[in-house]
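Just below is one structure, and these are the notes that go with it.
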Amino acid sequence: MGESATLTISGLAREAGLRPDTVRYYERVGLMPTPERTTGEHRRYGEPALDRLRFIRGAQRLGLRLADIADLLAVRDTGACPCEPAAPLLRGRIAEIDTELARLTRLRADLVAMADQLPSATCPDPSPGTWCPPDHRVTGGRCDACSI
């Protein structure tokens, strides 16, 4: 066993801010290489394993999927910088975030419109399944008159 492989799975997980089960899972799915073992079959890890886990965690914080992270790690393992293959993944993630921001902006506008109309002393009972008064027309789950 190499001198630098001194961390136990618990120590490695703690240093990386993960649980040992997560490290084991990453080993099972191939994100982490098989670790060195003691004569008693206990896993031992060195600094490269911690660096790899930090890379995985950083990529996950950006919202990349494990399959994408595996692809970047494969490039990284060749000694090449994974920046070029990361660019389209990051641009795709940006597009997903933009879509979600637009959805949330619409949701916020709907909530503001609803909140601005409340409370109302003349609030009639709503049509079943909506917040709309029964004399309003509902199209696609939204009240045409109230915009809610």
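Quick note on naming: the chains in the structure tokens go A, B, ... in the order shown, residues restart at 1 in each chain, and ligands are numbered from 1 in order of appearance.
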Requested in this report: Run DSSP on the backbone and grab whatever in chain A lands in helix (DSSP H, G or I); send it over as a ChimeraX atom specification.
Outcome: /A:9-16,20-28,47-61,66-77,83-116
Margin query: Could you list, as an NGL selection string, every residue within 12 Å of A:Glu27, counting only C-alpha atoms and ignoring same-chain residues fewer than 6 positions away?
Written below: :A and (9 or 20-21 or 33-35 or 43 or 49 or 52-53 or 70)
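The residue that comes closest to A:Ala13, out of A:Arg37, A:His136, A:Arg103, A:Arg57 and on the basis of only C-alpha atoms, is A:Arg57.
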Would you pick out the contacts of A:Glu36 at 8 Å or less, using only C-alpha atoms, so that residues sharing its chain but fewer than 6 positions from it are not included, and give the list as an MDAnalysis selection string? chainID A and resid 1 5 43:45
Dump as a PDB file, in the first residue's frame, selection limited to N, CA and C atoms:
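out.pdb, freshly written:
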ATOM      1  N   MET A   1       0.847  -1.171   0.000  1.00  0.00           N
ATOM      2  CA  MET A   1       0.000   0.000   0.000  1.00  0.00           C
ATOM      3  C   MET A   1       0.885   1.224   0.000  1.00  0.00           C
ATOM      4  N   ALA A   5      -1.703   6.741   0.902  1.00  0.00           N
ATOM      5  CA  ALA A   5      -3.062   6.232   1.085  1.00  0.00           C
ATOM      6  C   ALA A   5      -3.313   5.968   2.564  1.00  0.00           C
ATOM      7  N   ARG A  43     -10.546  -0.111   3.237  1.00  0.00           N
ATOM      8  CA  ARG A  43     -10.206   0.850   2.186  1.00  0.00           C
ATOM      9  C   ARG A  43      -9.253   1.907   2.739  1.00  0.00           C
ATOM     10  N   ARG A  44      -8.303   2.325   1.880  1.00  0.00           N
ATOM     11  CA  ARG A  44      -7.403   3.419   2.219  1.00  0.00           C
ATOM     12  C   ARG A  44      -7.291   4.333   1.006  1.00  0.00           C
ATOM     13  N   TYR A  45      -7.325   5.629   1.285  1.00  0.00           N
ATOM     14  CA  TYR A  45      -7.341   6.628   0.223  1.00  0.00           C
ATOM     15  C   TYR A  45      -6.241   7.646   0.445  1.00  0.00           C
TER      16      TYR A  45
END
*Counting only C-alpha atoms, what is within 12 Å of A:Gly92, bar same-chain residues fewer than 5 positions away, as JSON, numbers by chain?*
{"A": [62, 63, 64, 65, 68, 85, 86, 87, 97, 98, 99]}
Those residues with C-alpha atoms, as a compact mmCIF listing (two decimals), in the first residue's frame please?
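Everything below was put into selection.txt:
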# COMPACT_ATOMS: atom_id res chain seq x y z
CA LEU A 62 -23.25 23.26 -10.84
CA GLY A 63 -26.11 20.85 -11.50
CA LEU A 64 -24.23 18.42 -13.74
CA ARG A 65 -25.51 14.85 -13.82
CA ASP A 68 -21.77 14.01 -17.39
CA PRO A 85 -15.94 19.10 -23.03
CA ALA A 86 -17.37 20.94 -20.02
CA ALA A 87 -18.38 23.99 -22.08
CA ILE A 97 -31.65 27.38 -15.37
CA ASP A 98 -32.98 30.07 -17.75
CA THR A 99 -36.06 27.93 -18.43
